[in-house]
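K.L.:
Let me give you the structure first, and then I'll get to my questions.
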Amino acid sequence: MIEALGKTIQGISDFLDQESRVKLPKLYSGEEKGLEAEALVKFFTPDSNWTWYASEFNGEDIFLV
């Protein structure tokens, strides 16, 4: 659980909608692509300049960023 900007984030569903979950390839499925792998989802914090791009997802709670 994370508390940020007055909101409590319970799990990954608070960060990632179903459409994006389906789009992201399975974790480790693109290892052969290396730096050519596409980052399909962007996460950012509006109160700072931190940004993460996800290219793979295990379907539950682990991303390759």
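Chain labels run A, B, ... following the order of the structure tokens; each chain numbers its residues from 1, and ligands are numbered from 1 in the order shown.
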Where does DSSP see strand (DSSP E) in region 6-65 of chain A, if you list the residues as a list in words?
P.N.:
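Put together, the selection reads Lys7, Thr8, Ile9, Val41, Lys42, Phe43, Phe44, Thr51, Trp52, Tyr53, Ala54, Glu56, Phe57, Phe63 and Leu64 of chain A.
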K.L.:
Got time to write the residues from that selection, all heavy atoms, as a tab-separated table (two decimals), in the first residue's frame?
P.N.:
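Result file is again38.tsv:
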chain	number	residue	atom	x	y	z
A	7	LYS	N	-4.18	10.11	-1.68
A	7	LYS	CA	-4.85	8.89	-2.12
A	7	LYS	C	-4.10	7.68	-1.60
A	7	LYS	O	-2.89	7.70	-1.48
A	7	LYS	CB	-4.87	8.79	-3.65
A	7	LYS	CG	-5.98	9.55	-4.31
A	7	LYS	CD	-5.99	9.32	-5.80
A	7	LYS	CE	-6.55	7.96	-6.13
A	7	LYS	NZ	-6.69	7.73	-7.56
A	8	THR	N	-4.81	6.62	-1.32
A	8	THR	CA	-4.19	5.37	-0.92
A	8	THR	C	-4.23	4.43	-2.11
A	8	THR	O	-5.30	4.15	-2.66
A	8	THR	CB	-4.92	4.74	0.28
A	8	THR	OG1	-4.87	5.66	1.36
A	8	THR	CG2	-4.26	3.43	0.68
A	9	ILE	N	-3.07	3.96	-2.52
A	9	ILE	CA	-2.96	3.03	-3.64
A	9	ILE	C	-2.89	1.62	-3.06
A	9	ILE	O	-1.95	1.29	-2.34
A	9	ILE	CB	-1.70	3.32	-4.49
A	9	ILE	CG1	-1.64	4.79	-4.89
A	9	ILE	CG2	-1.63	2.39	-5.67
A	9	ILE	CD1	-2.77	5.26	-5.74
A	41	VAL	N	3.84	1.62	-21.80
A	41	VAL	CA	3.12	2.31	-20.73
A	41	VAL	C	4.07	3.27	-20.02
A	41	VAL	O	5.22	2.92	-19.74
A	41	VAL	CB	2.53	1.30	-19.72
A	41	VAL	CG1	1.85	2.01	-18.57
A	41	VAL	CG2	1.55	0.36	-20.40
A	42	LYS	N	3.58	4.46	-19.74
A	42	LYS	CA	4.38	5.47	-19.03
A	42	LYS	C	3.75	5.73	-17.66
A	42	LYS	O	2.55	5.95	-17.54
A	42	LYS	CB	4.39	6.76	-19.84
A	42	LYS	CG	5.11	7.90	-19.15
A	42	LYS	CD	5.02	9.17	-19.99
A	42	LYS	CE	5.64	10.35	-19.29
A	42	LYS	NZ	5.55	11.57	-20.10
A	43	PHE	N	4.59	5.70	-16.63
A	43	PHE	CA	4.18	6.08	-15.28
A	43	PHE	C	4.97	7.33	-14.92
A	43	PHE	O	6.14	7.44	-15.25
A	43	PHE	CB	4.52	4.98	-14.27
A	43	PHE	CG	3.81	3.69	-14.51
A	43	PHE	CD1	4.45	2.65	-15.16
A	43	PHE	CD2	2.51	3.51	-14.09
A	43	PHE	CE1	3.80	1.45	-15.38
A	43	PHE	CE2	1.85	2.32	-14.31
A	43	PHE	CZ	2.50	1.28	-14.96
A	44	PHE	N	4.33	8.26	-14.22
A	44	PHE	CA	5.05	9.46	-13.81
A	44	PHE	C	4.43	9.99	-12.52
A	44	PHE	O	3.31	9.65	-12.17
A	44	PHE	CB	5.02	10.53	-14.90
A	44	PHE	CG	3.64	11.05	-15.17
A	44	PHE	CD1	3.20	12.22	-14.57
A	44	PHE	CD2	2.79	10.39	-16.03
A	44	PHE	CE1	1.93	12.71	-14.82
A	44	PHE	CE2	1.51	10.86	-16.28
A	44	PHE	CZ	1.09	12.02	-15.68
A	51	THR	N	9.91	9.58	-13.97
A	51	THR	CA	9.13	8.92	-15.01
A	51	THR	C	9.66	7.51	-15.21
A	51	THR	O	10.87	7.30	-15.21
A	51	THR	CB	9.22	9.69	-16.35
A	51	THR	OG1	8.79	11.03	-16.13
A	51	THR	CG2	8.37	9.05	-17.41
A	52	TRP	N	8.75	6.54	-15.37
A	52	TRP	CA	9.11	5.15	-15.66
A	52	TRP	C	8.33	4.71	-16.88
A	52	TRP	O	7.18	5.08	-17.07
A	52	TRP	CB	8.72	4.23	-14.50
A	52	TRP	CG	9.33	4.55	-13.20
A	52	TRP	CD1	10.49	4.04	-12.68
A	52	TRP	CD2	8.84	5.44	-12.21
A	52	TRP	NE1	10.73	4.56	-11.45
A	52	TRP	CE2	9.73	5.43	-11.12
A	52	TRP	CE3	7.72	6.27	-12.11
A	52	TRP	CZ2	9.54	6.19	-9.98
A	52	TRP	CZ3	7.54	7.03	-10.98
A	52	TRP	CH2	8.44	6.98	-9.94
A	53	TYR	N	8.95	3.89	-17.70
A	53	TYR	CA	8.31	3.31	-18.87
A	53	TYR	C	8.34	1.80	-18.72
A	53	TYR	O	9.40	1.23	-18.50
A	53	TYR	CB	9.05	3.72	-20.15
A	53	TYR	CG	9.02	5.21	-20.38
A	53	TYR	CD1	10.05	6.02	-19.91
A	53	TYR	CD2	7.97	5.80	-21.06
A	53	TYR	CE1	10.03	7.40	-20.11
A	53	TYR	CE2	7.94	7.18	-21.27
A	53	TYR	CZ	8.98	7.96	-20.79
A	53	TYR	OH	8.95	9.30	-20.99
A	54	ALA	N	7.18	1.16	-18.86
A	54	ALA	CA	7.10	-0.29	-18.72
A	54	ALA	C	7.07	-0.94	-20.09
A	54	ALA	O	6.36	-0.50	-20.99
A	54	ALA	CB	5.86	-0.68	-17.93
A	56	GLU	N	7.32	-4.70	-20.15
A	56	GLU	CA	6.83	-6.06	-19.92
A	56	GLU	C	6.15	-6.11	-18.56
A	56	GLU	O	6.42	-5.29	-17.69
A	56	GLU	CB	7.98	-7.07	-19.96
A	56	GLU	CG	8.66	-7.14	-21.30
A	56	GLU	CD	9.88	-8.07	-21.31
A	56	GLU	OE1	10.14	-8.74	-20.29
A	56	GLU	OE2	10.56	-8.11	-22.34
A	57	PHE	N	5.28	-7.11	-18.38
A	57	PHE	CA	4.47	-7.19	-17.17
A	57	PHE	C	4.19	-8.66	-16.88
A	57	PHE	O	3.88	-9.42	-17.80
A	57	PHE	CB	3.18	-6.41	-17.40
A	57	PHE	CG	2.19	-6.42	-16.28
A	57	PHE	CD1	2.57	-6.12	-14.99
A	57	PHE	CD2	0.86	-6.68	-16.53
A	57	PHE	CE1	1.63	-6.08	-13.96
A	57	PHE	CE2	-0.07	-6.65	-15.52
A	57	PHE	CZ	0.31	-6.35	-14.24
A	63	PHE	N	6.85	-5.33	-13.13
A	63	PHE	CA	7.08	-4.73	-14.44
A	63	PHE	C	8.55	-4.77	-14.78
A	63	PHE	O	9.40	-4.74	-13.89
A	63	PHE	CB	6.69	-3.24	-14.44
A	63	PHE	CG	5.24	-2.99	-14.29
A	63	PHE	CD1	4.69	-2.79	-13.04
A	63	PHE	CD2	4.44	-2.96	-15.40
A	63	PHE	CE1	3.34	-2.55	-12.90
A	63	PHE	CE2	3.08	-2.72	-15.28
A	63	PHE	CZ	2.54	-2.52	-14.02
A	64	LEU	N	8.87	-4.78	-16.06
A	64	LEU	CA	10.23	-4.52	-16.53
A	64	LEU	C	10.20	-3.07	-17.00
A	64	LEU	O	9.45	-2.72	-17.91
A	64	LEU	CB	10.62	-5.45	-17.66
A	64	LEU	CG	12.04	-5.26	-18.19
A	64	LEU	CD1	13.06	-5.54	-17.10
A	64	LEU	CD2	12.28	-6.16	-19.38
K.L.:
Near Gly59 (chain A), within 8 Å and counting only C-alpha atoms, which residues show up once chain neighbours fewer than 2 positions away are dropped, as a PyMOL selection string?
P.N.:
chain A and resi 21+26+57+61-62
K.L.:
Output all heavy atoms for every residue in the selection just made, as a PDB file, in the first residue's frame.
P.N.:
ATOM      1  N   ARG A  21      -2.916  -3.603 -19.397  1.00  0.00           N
ATOM      2  CA  ARG A  21      -2.485  -4.929 -18.927  1.00  0.00           C
ATOM      3  C   ARG A  21      -2.415  -5.921 -20.087  1.00  0.00           C
ATOM      4  O   ARG A  21      -1.510  -6.722 -20.169  1.00  0.00           O
ATOM      5  CB  ARG A  21      -3.468  -5.482 -17.890  1.00  0.00           C
ATOM      6  CG  ARG A  21      -3.364  -4.842 -16.551  1.00  0.00           C
ATOM      7  CD  ARG A  21      -4.533  -5.318 -15.692  1.00  0.00           C
ATOM      8  NE  ARG A  21      -4.346  -4.912 -14.337  1.00  0.00           N
ATOM      9  CZ  ARG A  21      -4.007  -5.742 -13.354  1.00  0.00           C
ATOM     10  NH1 ARG A  21      -3.850  -7.010 -13.593  1.00  0.00           N
ATOM     11  NH2 ARG A  21      -3.831  -5.284 -12.142  1.00  0.00           N
ATOM     12  N   LYS A  26       4.341 -10.419 -21.846  1.00  0.00           N
ATOM     13  CA  LYS A  26       4.704 -11.145 -20.628  1.00  0.00           C
ATOM     14  C   LYS A  26       6.147 -10.848 -20.248  1.00  0.00           C
ATOM     15  O   LYS A  26       6.995 -10.613 -21.104  1.00  0.00           O
ATOM     16  CB  LYS A  26       4.522 -12.645 -20.832  1.00  0.00           C
ATOM     17  CG  LYS A  26       3.093 -13.045 -21.116  1.00  0.00           C
ATOM     18  CD  LYS A  26       2.633 -14.031 -20.092  1.00  0.00           C
ATOM     19  CE  LYS A  26       1.224 -14.475 -20.423  1.00  0.00           C
ATOM     20  NZ  LYS A  26       0.266 -13.977 -19.518  1.00  0.00           N
ATOM     21  N   PHE A  57       5.281  -7.109 -18.384  1.00  0.00           N
ATOM     22  CA  PHE A  57       4.468  -7.192 -17.172  1.00  0.00           C
ATOM     23  C   PHE A  57       4.185  -8.660 -16.878  1.00  0.00           C
ATOM     24  O   PHE A  57       3.883  -9.421 -17.799  1.00  0.00           O
ATOM     25  CB  PHE A  57       3.180  -6.411 -17.401  1.00  0.00           C
ATOM     26  CG  PHE A  57       2.187  -6.417 -16.283  1.00  0.00           C
ATOM     27  CD1 PHE A  57       2.570  -6.116 -14.987  1.00  0.00           C
ATOM     28  CD2 PHE A  57       0.857  -6.682 -16.534  1.00  0.00           C
ATOM     29  CE1 PHE A  57       1.632  -6.081 -13.963  1.00  0.00           C
ATOM     30  CE2 PHE A  57      -0.074  -6.649 -15.523  1.00  0.00           C
ATOM     31  CZ  PHE A  57       0.313  -6.346 -14.242  1.00  0.00           C
ATOM     32  N   ASP A  61       1.998  -8.003 -10.603  1.00  0.00           N
ATOM     33  CA  ASP A  61       2.552  -6.839  -9.919  1.00  0.00           C
ATOM     34  C   ASP A  61       3.996  -6.523 -10.239  1.00  0.00           C
ATOM     35  O   ASP A  61       4.577  -5.645  -9.628  1.00  0.00           O
ATOM     36  CB  ASP A  61       2.390  -7.001  -8.414  1.00  0.00           C
ATOM     37  CG  ASP A  61       3.127  -8.225  -7.874  1.00  0.00           C
ATOM     38  OD1 ASP A  61       3.704  -8.980  -8.680  1.00  0.00           O
ATOM     39  OD2 ASP A  61       3.121  -8.434  -6.645  1.00  0.00           O
ATOM     40  N   ILE A  62       4.590  -7.194 -11.212  1.00  0.00           N
ATOM     41  CA  ILE A  62       6.001  -6.949 -11.537  1.00  0.00           C
ATOM     42  C   ILE A  62       6.108  -6.450 -12.974  1.00  0.00           C
ATOM     43  O   ILE A  62       5.561  -7.041 -13.900  1.00  0.00           O
ATOM     44  CB  ILE A  62       6.847  -8.220 -11.363  1.00  0.00           C
ATOM     45  CG1 ILE A  62       6.815  -8.663  -9.905  1.00  0.00           C
ATOM     46  CG2 ILE A  62       8.289  -7.955 -11.815  1.00  0.00           C
ATOM     47  CD1 ILE A  62       7.529  -9.968  -9.648  1.00  0.00           C
TER      48      ILE A  62
END
K.L.:
Expressed in Å to a single decimal, how great is the separation between CA of Leu40 (chain A) and CA of Leu24 (chain A)?
P.N.:
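Between these atoms lies a distance of 6.7 Å.
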K.L.:
For CA of Lys23 (chain A) and CA of Asn58 (chain A), quote the distance in Å rounded to one decimal.
P.N.:
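Taking CA of Lys23 (chain A) as the start and CA of Asn58 (chain A) as the end point, the length is 11.8 Å.
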